[in-house]
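Student: Take this structure, written in C-alpha cells, and hold onto it; I'll ask about it next.
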Amino acid sequence: MCTKSGRTSGRLRTTQAFIALSSISESGSAPRTISIVKIGEYEIRMFNGSSIWPGGTRASWLELFDHNAQLSVDSCSCREIDEALTGFEGLLSQAERLNEAHGPEQDDAQA
C-alpha cells in the first residue's frame, strides 16, 4: 500500500517526468521512458507517444506494467499535467489492488 508520502512523491515524480518528456526533441538521445513508482511487481511509468495532437503537442502516456507477466496492464494518454496526475492516481489505485490480490512479495511502494 502506498503511504501518503509515497503518493505525494509519486505525484511529484509524475510532474517531473511530464516536464522532462515534454522537453525532449524528436531526435534527442534522452530516455523516452521514466519510471514513476514501483509497487511490488507493478510499475507505473511515463513515456512519449508517437502521435501528435492538434497544435503540435505530443502526447505522453502513463502505463501500468506487470513485471511478472511482462505486459502492460493499463495505460492512459495525457496532454496536460492535470491529466497526468489524474491518470497517475487511477493507475496507482489499480496497482495497489493488483499487488494486494497477488500477495505482498514486495509490499512497500518505492517512489
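Chain lettering (A, B, ...) mirrors the order of the C-alpha cells, residue numbering begins at 1 for each chain separately, and ligand numbering begins at 1 in order of display.
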Skip Ala17 in chain A itself and residues of its chain fewer than 2 positions away, then list as a PDB file with C-alpha atoms, in the first residue's frame all residues within 9 Å of it, counting only C-alpha atoms.
Tutor:
ATOM      1  CA  LEU A  12       5.932  14.978  -7.834  1.00  0.00           C
ATOM      2  CA  ARG A  13       7.747  12.376  -9.974  1.00  0.00           C
ATOM      3  CA  THR A  14       4.803  12.360 -12.412  1.00  0.00           C
ATOM      4  CA  THR A  15       5.045  16.136 -12.769  1.00  0.00           C
ATOM      5  CA  ILE A  19       8.028  18.163 -17.932  1.00  0.00           C
ATOM      6  CA  ALA A  20      11.156  16.171 -18.818  1.00  0.00           C
ATOM      7  CA  LEU A  21       9.415  14.209 -21.580  1.00  0.00           C
ATOM      8  CA  SER A  22       7.778  17.371 -22.945  1.00  0.00           C
ATOM      9  CA  THR A  33      10.577   6.253 -20.615  1.00  0.00           C
ATOM     10  CA  ILE A  34      10.668   7.368 -16.985  1.00  0.00           C
ATOM     11  CA  SER A  35       9.744   5.157 -14.035  1.00  0.00           C
ATOM     12  CA  ILE A  36       7.361   6.884 -11.609  1.00  0.00           C
ATOM     13  CA  ARG A  45       5.971   4.658 -15.922  1.00  0.00           C
ATOM     14  CA  MET A  46       5.615   7.510 -18.372  1.00  0.00           C
ATOM     15  CA  PHE A  47       6.775   7.656 -21.971  1.00  0.00           C
TER      16      PHE A  47
END
Student: Can you work out which one of A:Asn68, A:Gln16, A:Ser75, A:Thr8 has the shortest atom-to-atom distance to Gly90 in chain A, counting only C-alpha atoms?
Tutor: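 That would be A:Ser75, the residue with the smallest distance to Gly90 in chain A.
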Student: Neighbours of Gly49 in chain A within 12 Å (only C-alpha atoms; same-chain residues fewer than 6 positions away dropped), as a PyMOL selection string?
Tutor: chain A and resi 18+21-22+24+26+32-33+57-63+75-79
Student: Between A:Ala101, A:Leu91, A:Leu71, A:Ala84, which has the minimum distance to Lys38 in chain A (counting only C-alpha atoms)?
Tutor: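 Closest to Lys38 in chain A of all the choices is A:Leu91.
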Student: Could you check how far CA of Glu80 in chain A sits from CA of Tyr42 in chain A, in Å to one decimal?
Tutor: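 For CA of Glu80 in chain A relative to CA of Tyr42 in chain A, the distance reads 24.1 Å.
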Student: Assign secondary structure with DSSP using the backbone only, and return the residues of range 7-106 of chain A in strand (DSSP E) as a PyMOL selection string.
Tutor: chain A and resi 33-39+42-53+57-66+71-78
Student: Can you spit out the residues from that selection as a PDB file, in the first residue's frame, using C-alpha atoms?
Tutor:
ATOM      1  CA  THR A  33      10.577   6.253 -20.615  1.00  0.00           C
ATOM      2  CA  ILE A  34      10.668   7.368 -16.985  1.00  0.00           C
ATOM      3  CA  SER A  35       9.744   5.157 -14.035  1.00  0.00           C
ATOM      4  CA  ILE A  36       7.361   6.884 -11.609  1.00  0.00           C
ATOM      5  CA  VAL A  37       6.729   4.315  -8.867  1.00  0.00           C
ATOM      6  CA  LYS A  38       7.005   0.560  -8.309  1.00  0.00           C
ATOM      7  CA  ILE A  39       4.576  -1.356  -6.115  1.00  0.00           C
ATOM      8  CA  TYR A  42       3.852  -3.442 -10.815  1.00  0.00           C
ATOM      9  CA  GLU A  43       5.420  -0.279 -12.153  1.00  0.00           C
ATOM     10  CA  ILE A  44       3.877   2.988 -13.270  1.00  0.00           C
ATOM     11  CA  ARG A  45       5.971   4.658 -15.922  1.00  0.00           C
ATOM     12  CA  MET A  46       5.615   7.510 -18.372  1.00  0.00           C
ATOM     13  CA  PHE A  47       6.775   7.656 -21.971  1.00  0.00           C
ATOM     14  CA  ASN A  48       6.427   9.782 -25.088  1.00  0.00           C
ATOM     15  CA  GLY A  49       3.736   8.773 -27.507  1.00  0.00           C
ATOM     16  CA  SER A  50       4.294   8.741 -31.236  1.00  0.00           C
ATOM     17  CA  SER A  51       1.153  10.668 -32.174  1.00  0.00           C
ATOM     18  CA  ILE A  52       0.984  14.438 -32.442  1.00  0.00           C
ATOM     19  CA  TRP A  53      -2.184  16.140 -31.170  1.00  0.00           C
ATOM     20  CA  THR A  57       1.546  18.761 -28.910  1.00  0.00           C
ATOM     21  CA  ARG A  58       2.974  15.276 -28.433  1.00  0.00           C
ATOM     22  CA  ALA A  59       1.001  13.126 -26.009  1.00  0.00           C
ATOM     23  CA  SER A  60       2.717  11.442 -23.116  1.00  0.00           C
ATOM     24  CA  TRP A  61       1.447   8.109 -21.838  1.00  0.00           C
ATOM     25  CA  LEU A  62       1.261   6.629 -18.368  1.00  0.00           C
ATOM     26  CA  GLU A  63       1.449   2.854 -18.242  1.00  0.00           C
ATOM     27  CA  LEU A  64       0.861   0.302 -15.511  1.00  0.00           C
ATOM     28  CA  PHE A  65       3.312  -2.510 -16.274  1.00  0.00           C
ATOM     29  CA  ASP A  66       3.298  -6.005 -14.739  1.00  0.00           C
ATOM     30  CA  LEU A  71       2.915  -6.858 -20.189  1.00  0.00           C
ATOM     31  CA  SER A  72       1.058  -3.606 -19.943  1.00  0.00           C
ATOM     32  CA  VAL A  73      -1.984  -3.851 -17.676  1.00  0.00           C
ATOM     33  CA  ASP A  74      -3.429  -0.412 -18.428  1.00  0.00           C
ATOM     34  CA  SER A  75      -2.438   2.959 -19.836  1.00  0.00           C
ATOM     35  CA  CYS A  76      -3.735   6.452 -20.443  1.00  0.00           C
ATOM     36  CA  SER A  77      -2.621   9.401 -22.553  1.00  0.00           C
ATOM     37  CA  CYS A  78      -2.093  12.873 -21.192  1.00  0.00           C
TER      38      CYS A  78
END
Student: Which value, in Å to one decimal, gives the distance between CA of Ala95 in chain A and CA of Gly6 in chain A?
Tutor: 13.4 Å
Student: Pick from A:His67, A:Glu41, A:Phe88, A:Ile81: nearest to His102 in chain A, with only C-alpha atoms counted?
Tutor: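 The answer is A:Glu41, which sits nearest to His102 in chain A.
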Student: Using CA of Gly87 in chain A and CA of Arg11 in chain A as the two end points, give the distance in Å to one decimal.
Tutor: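 Between CA of Gly87 in chain A and CA of Arg11 in chain A the gap works out to 10.2 Å.
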